[in-house]
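Asks: Here you go, data_10.pdb (PDB, C-alpha atoms):
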```pdb
MODEL        1
ATOM      1  CA  MET C   1     -21.383 -28.843   2.603
ATOM      2  CA  THR C   2     -18.334 -30.883   3.588
ATOM      3  CA  GLN C   3     -15.668 -29.762   6.038
ATOM      4  CA  ASN C   4     -13.117 -29.593   3.211
ATOM      5  CA  THR C   5     -15.349 -27.214   1.260
ATOM      6  CA  LYS C   6     -15.718 -24.989   4.315
ATOM      7  CA  GLN C   7     -11.946 -24.913   4.716
ATOM      8  CA  PHE C   8     -11.527 -23.978   1.057
ATOM      9  CA  GLU C   9     -14.020 -21.140   1.336
ATOM     10  CA  LYS C  10     -12.245 -19.610   4.342
ATOM     11  CA  SER C  11      -8.611 -19.826   3.311
ATOM     12  CA  VAL C  12      -6.312 -17.166   1.895
ATOM     13  CA  LEU C  13      -2.741 -16.973   0.623
ATOM     14  CA  VAL C  14      -1.055 -13.647   1.423
ATOM     15  CA  LEU C  15       1.947 -12.566  -0.621
ATOM     16  CA  GLY C  16       3.848 -10.066   1.519
ATOM     17  CA  GLY C  17       2.236 -11.091   4.783
ATOM     18  CA  THR C  18       5.204  -9.981   6.900
ATOM     19  CA  GLY C  19       5.052  -6.412   5.602
ATOM     20  CA  PHE C  20       3.218  -3.601   7.366
ATOM     21  CA  ILE C  21      -0.149  -3.885   5.604
ATOM     22  CA  GLY C  22       0.118  -7.631   5.002
ATOM     23  CA  TYR C  23       0.717  -8.266   8.702
ATOM     24  CA  HIS C  24      -2.436  -6.428   9.737
ATOM     25  CA  ALA C  25      -4.416  -8.095   6.952
ATOM     26  CA  VAL C  26      -3.363 -11.489   8.308
ATOM     27  CA  LEU C  27      -4.552 -10.506  11.795
ATOM     28  CA  GLU C  28      -7.922  -9.427  10.385
ATOM     29  CA  PHE C  29      -8.293 -12.632   8.362
ATOM     30  CA  LEU C  30      -7.569 -14.596  11.550
ATOM     31  CA  LYS C  31     -10.333 -12.700  13.361
ATOM     32  CA  LYS C  32     -12.739 -13.785  10.625
ATOM     33  CA  GLY C  33     -11.762 -17.436  10.917
ATOM     34  CA  TYR C  34      -9.650 -17.834   7.788
ATOM     35  CA  ALA C  35      -6.902 -20.397   7.375
ATOM     36  CA  ILE C  36      -3.832 -18.477   6.210
ATOM     37  CA  THR C  37      -0.668 -19.187   4.272
ATOM     38  CA  ILE C  38       1.965 -16.466   3.958
ATOM     39  CA  LEU C  39       4.545 -16.246   1.198
ATOM     40  CA  SER C  40       7.053 -13.529   2.036
ATOM     41  CA  LEU C  41      10.685 -12.562   1.713
ATOM     42  CA  PRO C  42      12.964 -13.693   4.540
ATOM     43  CA  PRO C  43      13.663 -13.021   7.318
ATOM     44  CA  LEU C  44      10.735 -12.694   9.696
ATOM     45  CA  PRO C  45      10.876  -9.174  11.181
ATOM     46  CA  LYS C  46      10.352 -10.660  14.649
ATOM     47  CA  LYS C  47      10.069 -14.126  16.166
ATOM     48  CA  GLY C  48       6.568 -15.159  17.123
ATOM     49  CA  LEU C  49       5.024 -12.613  14.769
ATOM     50  CA  PHE C  50       2.047 -14.879  14.061
ATOM     51  CA  PRO C  51       0.269 -17.632  15.978
ATOM     52  CA  PRO C  52       1.324 -21.205  15.119
ATOM     53  CA  GLU C  53      -1.750 -21.926  12.999
ATOM     54  CA  VAL C  54      -0.475 -19.486  10.332
ATOM     55  CA  SER C  55       1.590 -21.309   7.712
ATOM     56  CA  ILE C  56       4.647 -19.284   6.671
ATOM     57  CA  ARG C  57       6.843 -19.852   3.613
ATOM     58  CA  LEU C  58       9.830 -17.489   3.485
ATOM     59  CA  ALA C  59      10.947 -17.274  -0.134
ATOM     60  CA  ASP C  60      11.148 -14.913  -3.109
ATOM     61  CA  LEU C  61       8.204 -15.434  -5.461
ATOM     62  CA  ASN C  62      10.464 -14.646  -8.413
ATOM     63  CA  THR C  63      12.818 -17.537  -7.604
ATOM     64  CA  LEU C  64      10.082 -20.149  -7.185
ATOM     65  CA  SER C  65       8.965 -22.278 -10.111
ATOM     66  CA  ASP C  66       5.390 -22.045 -11.380
ATOM     67  CA  GLU C  67       4.801 -25.574 -10.120
ATOM     68  CA  ALA C  68       6.003 -24.709  -6.622
ATOM     69  CA  VAL C  69       3.770 -21.627  -6.441
ATOM     70  CA  VAL C  70       0.690 -23.481  -7.703
ATOM     71  CA  GLU C  71       1.294 -26.233  -5.155
ATOM     72  CA  LEU C  72       1.507 -23.636  -2.392
ATOM     73  CA  MET C  73      -1.705 -21.986  -3.585
ATOM     74  CA  GLN C  74      -3.815 -25.100  -3.901
ATOM     75  CA  GLY C  75      -6.570 -25.442  -1.315
ATOM     76  CA  HIS C  76      -7.008 -21.684  -0.948
ATOM     77  CA  SER C  77     -10.059 -19.747  -2.075
ATOM     78  CA  ALA C  78      -8.533 -16.255  -2.041
ATOM     79  CA  ALA C  79      -5.185 -14.556  -2.605
ATOM     80  CA  LEU C  80      -3.838 -11.148  -1.582
ATOM     81  CA  PHE C  81      -1.007  -9.402  -3.443
ATOM     82  CA  ALA C  82       0.540  -7.159  -0.775
ATOM     83  CA  ALA C  83       3.957  -6.922  -2.431
ATOM     84  CA  GLY C  84       5.652  -4.984  -5.224
ATOM     85  CA  ALA C  85       7.596  -1.699  -5.258
ATOM     86  CA  ASP C  86       6.295   1.606  -3.917
ATOM     87  CA  ASP C  87       6.971   5.167  -5.008
ATOM     88  CA  ARG C  88       9.746   5.815  -2.459
ATOM     89  CA  ILE C  89      12.208   3.789  -4.520
ATOM     90  CA  THR C  90      14.474   5.679  -6.933
ATOM     91  CA  PRO C  91      15.894   3.007  -9.247
ATOM     92  CA  LYS C  92      18.401   3.270 -12.075
ATOM     93  CA  LYS C  93      16.996   4.742 -15.279
ATOM     94  CA  PRO C  94      14.638   3.920 -16.868
ATOM     95  CA  ALA C  95      12.452   3.711 -13.773
ATOM     96  CA  TYR C  96       9.470   2.250 -15.594
ATOM     97  CA  ASP C  97      11.335  -0.954 -16.427
ATOM     98  CA  PHE C  98      11.952  -1.486 -12.720
ATOM     99  CA  PHE C  99       8.369  -0.735 -11.661
ATOM    100  CA  TYR C 100       6.886  -2.783 -14.494
ATOM    101  CA  LYS C 101       8.823  -5.846 -13.396
ATOM    102  CA  ALA C 102       8.104  -5.355  -9.687
ATOM    103  CA  ASN C 103       4.431  -4.410  -9.930
ATOM    104  CA  VAL C 104       3.048  -5.632 -13.245
ATOM    105  CA  GLU C 105       4.956  -8.791 -14.169
ATOM    106  CA  SER C 106       4.990 -10.165 -10.631
ATOM    107  CA  SER C 107       1.276  -9.616  -9.938
ATOM    108  CA  VAL C 108       0.153 -10.913 -13.338
ATOM    109  CA  ARG C 109       2.213 -14.086 -12.888
ATOM    110  CA  PHE C 110       0.950 -14.450  -9.306
ATOM    111  CA  PHE C 111      -2.713 -14.325 -10.274
ATOM    112  CA  LYS C 112      -2.314 -16.440 -13.392
ATOM    113  CA  LEU C 113      -0.923 -19.143 -11.126
ATOM    114  CA  ALA C 114      -3.663 -18.451  -8.571
ATOM    115  CA  LYS C 115      -6.256 -18.990 -11.276
ATOM    116  CA  LYS C 116      -4.545 -22.229 -12.251
ATOM    117  CA  ALA C 117      -4.653 -23.354  -8.608
ATOM    118  CA  GLY C 118      -8.411 -22.788  -8.428
ATOM    119  CA  ILE C 119      -8.393 -19.556  -6.423
ATOM    120  CA  THR C 120     -11.570 -17.574  -7.150
ATOM    121  CA  ARG C 121     -11.088 -14.298  -5.208
ATOM    122  CA  GLY C 122      -8.117 -11.943  -5.465
ATOM    123  CA  VAL C 123      -7.046  -8.528  -4.151
ATOM    124  CA  ILE C 124      -4.196  -6.290  -5.323
ATOM    125  CA  LEU C 125      -3.026  -3.498  -3.035
ATOM    126  CA  SER C 126      -2.428  -0.435  -5.177
ATOM    127  CA  SER C 127      -2.284   3.361  -4.841
ATOM    128  CA  TYR C 128      -4.883   6.100  -4.645
ATOM    129  CA  PHE C 129      -2.878   7.896  -7.327
ATOM    130  CA  LEU C 130      -4.955   5.787  -9.745
ATOM    131  CA  PHE C 131      -8.067   7.548  -8.476
ATOM    132  CA  PHE C 132      -6.533  10.938  -9.184
ATOM    133  CA  ASP C 133      -5.245   9.762 -12.557
ATOM    134  CA  ARG C 134      -8.889   9.136 -13.459
ATOM    135  CA  THR C 135     -10.399  12.241 -11.839
ATOM    136  CA  TRP C 136      -7.645  14.735 -12.788
ATOM    137  CA  PRO C 137      -6.923  13.730 -16.405
ATOM    138  CA  GLU C 138      -5.386  17.129 -17.160
ATOM    139  CA  LEU C 139      -2.383  16.241 -14.943
ATOM    140  CA  LYS C 140      -1.614  13.099 -16.989
ATOM    141  CA  LEU C 141      -0.266  11.376 -13.886
ATOM    142  CA  SER C 142       0.291   7.965 -15.452
ATOM    143  CA  ALA C 143       2.164   9.599 -18.341
ATOM    144  CA  HIS C 144       4.530  11.602 -16.132
ATOM    145  CA  HIS C 145       5.146   9.158 -13.286
ATOM    146  CA  PRO C 146       6.590   5.652 -13.890
ATOM    147  CA  TYR C 147       5.244   4.343 -10.588
ATOM    148  CA  ILE C 148       1.659   5.458 -11.322
ATOM    149  CA  ARG C 149       1.925   4.108 -14.858
ATOM    150  CA  SER C 150       2.988   0.731 -13.467
ATOM    151  CA  ARG C 151       0.004   0.648 -11.110
ATOM    152  CA  LYS C 152      -2.345   1.501 -13.971
ATOM    153  CA  GLU C 153      -0.875  -1.254 -16.147
ATOM    154  CA  GLN C 154      -0.929  -3.673 -13.216
ATOM    155  CA  ALA C 155      -4.655  -3.219 -12.759
ATOM    156  CA  LYS C 156      -5.403  -3.328 -16.484
ATOM    157  CA  GLU C 157      -3.377  -6.461 -17.245
ATOM    158  CA  ALA C 158      -4.355  -8.374 -14.121
ATOM    159  CA  ILE C 159      -8.083  -7.744 -14.499
ATOM    160  CA  ALA C 160      -7.991  -8.508 -18.242
ATOM    161  CA  PHE C 161      -7.030 -12.174 -17.831
ATOM    162  CA  SER C 162      -8.717 -12.860 -14.478
ATOM    163  CA  LYS C 163     -12.346 -13.017 -15.631
ATOM    164  CA  PRO C 164     -14.557 -14.957 -15.399
ATOM    165  CA  GLU C 165     -13.098 -17.611 -13.086
ATOM    166  CA  LEU C 166     -11.223 -15.201 -10.793
ATOM    167  CA  ASP C 167     -12.865 -12.133  -9.226
ATOM    168  CA  LEU C 168      -9.994  -9.669  -8.858
ATOM    169  CA  MET C 169     -10.330  -6.340  -7.014
ATOM    170  CA  ILE C 170      -7.949  -3.357  -6.885
ATOM    171  CA  LEU C 171      -7.694  -1.484  -3.576
ATOM    172  CA  GLU C 172      -6.340   2.051  -4.020
ATOM    173  CA  LEU C 173      -4.719   3.058  -0.744
ATOM    174  CA  PRO C 174      -3.922   6.543   0.659
ATOM    175  CA  TYR C 175      -1.582   7.518   3.519
ATOM    176  CA  ILE C 176      -1.648   4.778   6.169
ATOM    177  CA  PHE C 177      -0.678   4.964   9.841
ATOM    178  CA  GLY C 178       0.008   2.517  12.653
ATOM    179  CA  SER C 179       2.789   0.145  13.623
ATOM    180  CA  MET C 180       3.794  -3.504  13.713
ATOM    181  CA  PRO C 181       6.393  -5.550  15.618
ATOM    182  CA  GLY C 182       9.900  -5.650  14.194
ATOM    183  CA  ARG C 183       9.574  -2.970  11.495
ATOM    184  CA  LYS C 184      10.070   0.783  11.562
ATOM    185  CA  PRO C 185       7.298   2.844   9.938
ATOM    186  CA  LEU C 186       8.112   4.534   6.636
ATOM    187  CA  TRP C 187       7.299   7.829   8.380
ATOM    188  CA  CYS C 188      10.495   7.814  10.469
ATOM    189  CA  PRO C 189      12.368  10.369   8.271
ATOM    190  CA  LEU C 190       9.451  12.783   8.684
ATOM    191  CA  ILE C 191       9.445  12.243  12.456
ATOM    192  CA  THR C 192      13.195  12.966  12.522
ATOM    193  CA  TYR C 193      12.563  16.181  10.577
ATOM    194  CA  ILE C 194       9.895  17.274  13.054
ATOM    195  CA  GLN C 195      12.234  16.558  15.969
ATOM    196  CA  SER C 196      15.131  18.464  14.395
ATOM    197  CA  PHE C 197      13.685  21.901  13.659
ATOM    198  CA  PRO C 198      11.765  24.473  15.736
ATOM    199  CA  VAL C 199       9.787  25.643  12.691
ATOM    200  CA  LEU C 200       8.525  23.147  10.103
ATOM    201  CA  LEU C 201       8.495  24.090   6.425
ATOM    202  CA  TYR C 202       6.111  22.045   4.310
ATOM    203  CA  PRO C 203       4.090  22.355   1.096
ATOM    204  CA  LYS C 204       0.503  23.549   0.986
ATOM    205  CA  GLY C 205      -2.234  21.013   0.467
ATOM    206  CA  GLY C 206      -3.241  17.831   2.222
ATOM    207  CA  THR C 207      -4.488  14.319   1.668
ATOM    208  CA  ASN C 208      -6.662  11.460   2.864
ATOM    209  CA  MET C 209      -5.432   9.293   5.748
ATOM    210  CA  ILE C 210      -6.490   6.022   7.373
ATOM    211  CA  THR C 211      -5.361   3.586  10.050
ATOM    212  CA  VAL C 212      -3.785   0.318   8.984
ATOM    213  CA  GLU C 213      -6.437  -1.618  10.913
ATOM    214  CA  HIS C 214      -9.190  -0.156   8.733
ATOM    215  CA  VAL C 215      -7.175  -0.965   5.601
ATOM    216  CA  ALA C 216      -7.029  -4.565   6.833
ATOM    217  CA  GLU C 217     -10.804  -4.533   7.284
ATOM    218  CA  ALA C 218     -11.180  -3.258   3.711
ATOM    219  CA  ILE C 219      -8.967  -6.089   2.410
ATOM    220  CA  VAL C 220     -11.089  -8.745   4.102
ATOM    221  CA  GLY C 221     -14.189  -6.872   2.959
ATOM    222  CA  ALA C 222     -12.972  -7.027  -0.650
ATOM    223  CA  VAL C 223     -12.537 -10.806  -0.396
ATOM    224  CA  GLU C 224     -15.993 -11.225   1.114
ATOM    225  CA  TYR C 225     -18.078  -8.539  -0.605
ATOM    226  CA  GLY C 226     -16.091  -6.998  -3.481
ATOM    227  CA  LYS C 227     -17.067  -7.227  -7.142
ATOM    228  CA  GLY C 228     -14.530  -8.614  -9.586
ATOM    229  CA  GLY C 229     -12.923  -6.019 -11.844
ATOM    230  CA  GLU C 230     -13.705  -3.082  -9.552
ATOM    231  CA  HIS C 231     -11.360  -0.396  -8.222
ATOM    232  CA  TYR C 232     -12.081   0.592  -4.614
ATOM    233  CA  THR C 233     -10.510   3.832  -3.362
ATOM    234  CA  ILE C 234      -9.954   3.255   0.360
ATOM    235  CA  GLY C 235      -9.688   6.101   2.856
ATOM    236  CA  ASP C 236     -11.006   7.802   5.941
ATOM    237  CA  LYS C 237     -10.194  11.404   6.909
ATOM    238  CA  ASN C 238      -9.125  14.326   4.710
ATOM    239  CA  MET C 239      -6.506  16.468   6.461
ATOM    240  CA  SER C 240      -4.244  19.377   5.537
ATOM    241  CA  TRP C 241      -0.477  18.889   5.754
ATOM    242  CA  LYS C 242      -0.341  21.656   8.368
ATOM    243  CA  ALA C 243      -2.871  19.947  10.643
ATOM    244  CA  PHE C 244      -1.119  16.612  10.075
ATOM    245  CA  LEU C 245       2.323  17.910  11.100
ATOM    246  CA  LYS C 246       0.872  19.636  14.154
ATOM    247  CA  LYS C 247      -0.688  16.354  15.280
ATOM    248  CA  LEU C 248       2.615  14.496  14.855
ATOM    249  CA  SER C 249       4.518  17.194  16.752
ATOM    250  CA  ARG C 250       2.045  16.928  19.636
ATOM    251  CA  CYS C 251       2.680  13.182  19.739
ATOM    252  CA  LEU C 252       6.326  14.113  20.338
ATOM    253  CA  GLY C 253       5.279  16.400  23.194
ATOM    254  CA  LYS C 254       6.068  19.573  21.258
ATOM    255  CA  GLU C 255       3.925  22.266  19.692
ATOM    256  CA  LYS C 256       5.678  23.215  16.454
ATOM    257  CA  ARG C 257       4.890  26.084  14.129
ATOM    258  CA  VAL C 258       4.209  24.921  10.576
ATOM    259  CA  VAL C 259       4.858  27.289   7.673
ATOM    260  CA  SER C 260       3.311  26.454   4.312
ATOM    261  CA  LEU C 261       5.829  27.041   1.536
ATOM    262  CA  PRO C 262       4.855  28.907  -1.637
ATOM    263  CA  ASN C 263       4.513  26.490  -4.537
ATOM    264  CA  PHE C 264       7.378  28.089  -6.487
ATOM    265  CA  LEU C 265       9.822  27.278  -3.673
ATOM    266  CA  VAL C 266       8.634  23.653  -3.644
ATOM    267  CA  THR C 267       9.174  23.542  -7.411
ATOM    268  CA  ILE C 268      12.736  24.878  -7.081
ATOM    269  CA  ALA C 269      13.529  22.178  -4.495
ATOM    270  CA  THR C 270      12.128  19.456  -6.735
ATOM    271  CA  VAL C 271      14.104  20.706  -9.752
ATOM    272  CA  LEU C 272      17.281  20.320  -7.682
ATOM    273  CA  LEU C 273      16.210  16.847  -6.543
ATOM    274  CA  LYS C 274      15.547  15.766 -10.128
ATOM    275  CA  LEU C 275      18.956  17.080 -11.165
ATOM    276  CA  LYS C 276      20.564  15.059  -8.367
ATOM    277  CA  HIS C 277      18.792  11.906  -9.583
ATOM    278  CA  LYS C 278      19.943  12.600 -13.139
ATOM    279  CA  LEU C 279      23.573  12.959 -12.073
ATOM    280  CA  GLN C 280      23.266   9.639 -10.233
ATOM    281  CA  GLY C 281      21.747   7.898 -13.263
ATOM    282  CA  ARG C 282      18.526   7.389 -11.350
ATOM    283  CA  GLU C 283      14.881   8.209 -11.942
ATOM    284  CA  GLY C 284      12.117   8.563  -9.399
ATOM    285  CA  GLY C 285       8.923   6.560  -9.539
ATOM    286  CA  LEU C 286       7.266   9.953  -9.116
ATOM    287  CA  ASP C 287       8.811  12.710 -11.221
ATOM    288  CA  PRO C 288       9.667  15.296  -8.515
ATOM    289  CA  VAL C 289       8.855  18.378 -10.595
ATOM    290  CA  ALA C 290       5.598  17.114 -12.087
ATOM    291  CA  PHE C 291       4.548  15.709  -8.716
ATOM    292  CA  THR C 292       4.623  19.202  -7.178
ATOM    293  CA  LYS C 293       1.124  19.756  -8.586
ATOM    294  CA  VAL C 294      -0.106  16.755  -6.602
ATOM    295  CA  GLN C 295       1.911  17.332  -3.430
ATOM    296  CA  THR C 296       0.658  20.918  -3.097
ATOM    297  CA  ALA C 297      -2.964  20.045  -3.904
ATOM    298  CA  GLN C 298      -5.724  18.761  -1.683
ATOM    299  CA  THR C 299      -5.813  15.096  -2.666
ATOM    300  CA  PHE C 300      -9.118  14.666  -0.886
ATOM    301  CA  PHE C 301     -11.965  12.282  -1.669
ATOM    302  CA  ASP C 302     -15.098  10.801  -0.122
ATOM    303  CA  PRO C 303     -14.508   7.157   0.911
ATOM    304  CA  ASP C 304     -18.166   6.408   1.635
ATOM    305  CA  SER C 305     -18.743   4.534  -1.626
ATOM    306  CA  SER C 306     -15.984   2.006  -0.949
ATOM    307  CA  ARG C 307     -16.821   1.789   2.745
ATOM    308  CA  SER C 308     -20.454   0.974   2.036
ATOM    309  CA  VAL C 309     -19.431  -1.986  -0.137
ATOM    310  CA  LEU C 310     -16.432  -3.316   1.791
ATOM    311  CA  ARG C 311     -17.782  -2.514   5.275
ATOM    312  CA  TYR C 312     -14.579  -1.196   6.830
ATOM    313  CA  GLY C 313     -14.518   1.153   9.788
ATOM    314  CA  SER C 314     -13.428   4.726  10.403
ATOM    315  CA  GLY C 315     -11.710   6.784  13.081
ATOM    316  CA  GLY C 316      -8.755   6.081  15.351
ATOM    317  CA  LEU C 317      -6.251   8.249  13.460
ATOM    318  CA  ASP C 318      -4.966  10.108  16.523
ATOM    319  CA  ASP C 319      -4.095   6.801  18.186
ATOM    320  CA  ALA C 320      -2.497   5.583  14.939
ATOM    321  CA  PHE C 321      -0.383   8.754  14.756
ATOM    322  CA  LYS C 322       0.758   8.096  18.326
ATOM    323  CA  LYS C 323       1.669   4.470  17.530
ATOM    324  CA  THR C 324       3.547   5.588  14.416
ATOM    325  CA  VAL C 325       5.592   8.173  16.309
ATOM    326  CA  GLU C 326       6.320   5.803  19.210
ATOM    327  CA  ALA C 327       7.550   3.111  16.797
ATOM    328  CA  CYS C 328       9.848   5.634  15.083
ATOM    329  CA  VAL C 329      11.465   6.991  18.238
ATOM    330  CA  LYS C 330      11.706   3.645  20.035
ATOM    331  CA  LYS C 331      15.265   2.390  20.355
ATOM    332  CA  GLU C 332      15.737  -1.249  19.372
TER
ENDMDL
END
```
Please rewrite the model in this file as structure tokens.

Replies:
Amino acid sequence: MTQNTKQFEKSVLVLGGTGFIGYHAVLEFLKKGYAITILSLPPLPKKGLFPPEVSIRLADLNTLSDEAVVELMQGHSAALFAAGADDRITPKKPAYDFFYKANVESSVRFFKLAKKAGITRGVILSSYFLFFDRTWPELKLSAHHPYIRSRKEQAKEAIAFSKPELDLMILELPYIFGSMPGRKPLWCPLITYIQSFPVLLYPKGGTNMITVEHVAEAIVGAVEYGKGGEHYTIGDKNMSWKAFLKKLSRCLGKEKRVVSLPNFLVTIATVLLKLKHKLQGREGGLDPVAFTKVQTAQTFFDPDSSRSVLRYGSGGLDDAFKKTVEACVKKE
């Protein structure tokens, strides 16, 4: 085997490498000896974010020509799509048009060009809502929620054209905790809420949670061990919302009482939120009223099947909660 072939087999292009998950994925790829190129929106969140051997191109994928993207991709064996729009965004109606463009069109174009450049392994970061769309068909999640529908279409369309030359895997991610330099965690509004009230009101239910470092391990594991066309639901620990909020409050040095709201009160609040969106001409990626059934449920699952294939670790959530809280309260 020549040196050039070795380089090709251990090289990855990361779209969105300066984001929270992308950043940690890059660090994990570096640990495993990969050569890395990042394509990400400007600016860098912090100077010196990566060591000098990481090649960084700050540009918008959507403004680059196909030729420019293929040229950037050539010489890499794998590609990671760690970009797109998440469910926190409330765009102008109709929301699906926005999410389709951000999640489906962009990823399909990205991997079509990756295939053209000779890349043979690909990973798309998606949502664990796809898992529940499959396992709870009675809720019709992809029918009610534009964001979930876009993730379902993203996986379907991307996998359809990728075979047989490109092995493309979908990683379905749950709630993720940790921090990175130069960016505030998305959990900061929740931390502010916990700081602001002596008693915390929150829905019943709970979900699966994982540290960002273990997500990064799963990403590298997908490149190295994953099977093309597969969906891997990534996770670690199932936890109730009440236990979760108590852990975050302890990280703030306070023991807060958490009161679980009756589901009908949560529904009333979401009806008002949906009305607000309607008056603004906006539509949520997750329909607030329909999503109540998910938010108040136990969105739990057993991650052992994906862990056994992708070989990612477990544990460390308490430390990740602490890092998340510290990053939110830290003054820049």

Asks: Using 10 Å as the limit and counting only C-alpha atoms, can you tabulate each residue of range 191-217 of chain C that touches range 243-261 of chain C, with its shortest atom-to-atom distance in Å and the two atoms involved, as CSV?

Replies:
```
residue,atom,partner,partner_atom,distance
C:Ile191,CA,C:Leu248,CA,7.6
C:Ile194,CA,C:Ser249,CA,6.5
C:Gln195,CA,C:Leu252,CA,7.7
C:Phe197,CA,C:Lys256,CA,8.6
C:Pro198,CA,C:Lys256,CA,6.3
C:Val199,CA,C:Arg257,CA,5.1
C:Leu200,CA,C:Val258,CA,4.7
C:Leu201,CA,C:Val259,CA,5.0
C:Tyr202,CA,C:Ser260,CA,5.2
C:Pro203,CA,C:Leu261,CA,5.0
C:Lys204,CA,C:Ser260,CA,5.2
C:Gly205,CA,C:Ser260,CA,8.7
C:Gly206,CA,C:Phe244,CA,8.2
C:Thr207,CA,C:Phe244,CA,9.3
C:Met209,CA,C:Phe244,CA,9.5
```

Asks: Go ahead and save the residues from that selection, with C-alpha atoms, as a PDB file, in the coordinates of the input.

Replies:
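New file out.pdb:
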```pdb
ATOM      1  CA  ILE C 191       9.445  12.243  12.456  1.00  0.00           C
ATOM      2  CA  ILE C 194       9.895  17.274  13.054  1.00  0.00           C
ATOM      3  CA  GLN C 195      12.234  16.558  15.969  1.00  0.00           C
ATOM      4  CA  PHE C 197      13.685  21.901  13.659  1.00  0.00           C
ATOM      5  CA  PRO C 198      11.765  24.473  15.736  1.00  0.00           C
ATOM      6  CA  VAL C 199       9.787  25.643  12.691  1.00  0.00           C
ATOM      7  CA  LEU C 200       8.525  23.147  10.103  1.00  0.00           C
ATOM      8  CA  LEU C 201       8.495  24.090   6.425  1.00  0.00           C
ATOM      9  CA  TYR C 202       6.111  22.045   4.310  1.00  0.00           C
ATOM     10  CA  PRO C 203       4.090  22.355   1.096  1.00  0.00           C
ATOM     11  CA  LYS C 204       0.503  23.549   0.986  1.00  0.00           C
ATOM     12  CA  GLY C 205      -2.234  21.013   0.467  1.00  0.00           C
ATOM     13  CA  GLY C 206      -3.241  17.831   2.222  1.00  0.00           C
ATOM     14  CA  THR C 207      -4.488  14.319   1.668  1.00  0.00           C
ATOM     15  CA  MET C 209      -5.432   9.293   5.748  1.00  0.00           C
TER      16      MET C 209
END
```

Asks: I need the residue nearest Ile210 in chain C from this list: C:Pro51, C:Pro91, C:Gly313, C:Pro146. Use all atoms listed in the file for the distance.

Replies: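 Nearest to Ile210 in chain C: C:Gly313.
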
Asks: Work out how far CA of Phe291 in chain C is from CA of Gly19 in chain C, in Å to one decimal.

Replies: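 That distance, rounded to one decimal, is 26.4 Å.
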
Asks: Neighbours of Asp304 in chain C within 9 Å (only C-alpha atoms; same-chain residues fewer than 3 positions away dropped), as a PyMOL selection string?

Replies: chain C and resi 234-236+307-309

Asks: Calculate how many Å separate CA of Ala155 in chain C from CA of Ala68 in chain C, rounding to one decimal.

Replies: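 Rounded to one decimal, the two atoms are 24.8 Å apart.
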
Asks: Any chance you could resolve the PyMOL selection byres ((chain C and resi 311) around 12) against this file and give the residues as a list of chain:residue names?

Replies: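 Selected by the PyMOL selection byres ((chain C and resi 311) around 12) in this file: C:His214, C:Val215, C:Ala216, C:Glu217, C:Ala218, C:Ile219, C:Val220, C:Gly221, C:Ala222, C:Val223, C:Glu224, C:Tyr225, C:Gly226, C:Tyr232, C:Ile234, C:Pro303, C:Asp304, C:Ser305, C:Ser306, C:Arg307, C:Ser308, C:Val309, C:Leu310, C:Tyr312, C:Gly313, C:Ser314.
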
Asks: Residues near range 79-85 of chain C, anyone? I mean within 9 Å using all atoms listed in the file, not counting same-chain ones fewer than 4 positions away, as a VMD selection string.

Replies: chain C and resid 11 to 17 19 21 to 22 40 73 89 98 to 99 101 to 104 106 to 107 110 to 111 114 119 to 126 147 219 223

Asks: Name all residues at most 9 Å from Lys227 in chain C (count only C-alpha atoms; drop same-chain ones fewer than 6 positions away) and give them as an NGL selection string.

Replies: :C and (167-169)

Asks: Now that the selection is made, can you save its residues with C-alpha atoms as an mmCIF file, in the coordinates of the input?

Replies:
```
data_model
loop_
_atom_site.group_PDB
_atom_site.id
_atom_site.type_symbol
_atom_site.label_atom_id
_atom_site.label_comp_id
_atom_site.auth_asym_id
_atom_site.auth_seq_id
_atom_site.Cartn_x
_atom_site.Cartn_y
_atom_site.Cartn_z
ATOM 1 C CA ASP C 167 -12.865 -12.133 -9.226
ATOM 2 C CA LEU C 168 -9.994 -9.669 -8.858
ATOM 3 C CA MET C 169 -10.330 -6.340 -7.014
#
```

Asks: Looking at C:Lys276, C:His231, C:Lys92, C:Lys46, which one is nearest to Tyr23 in chain C, with distances taken over only C-alpha atoms?

Replies: C:Lys46
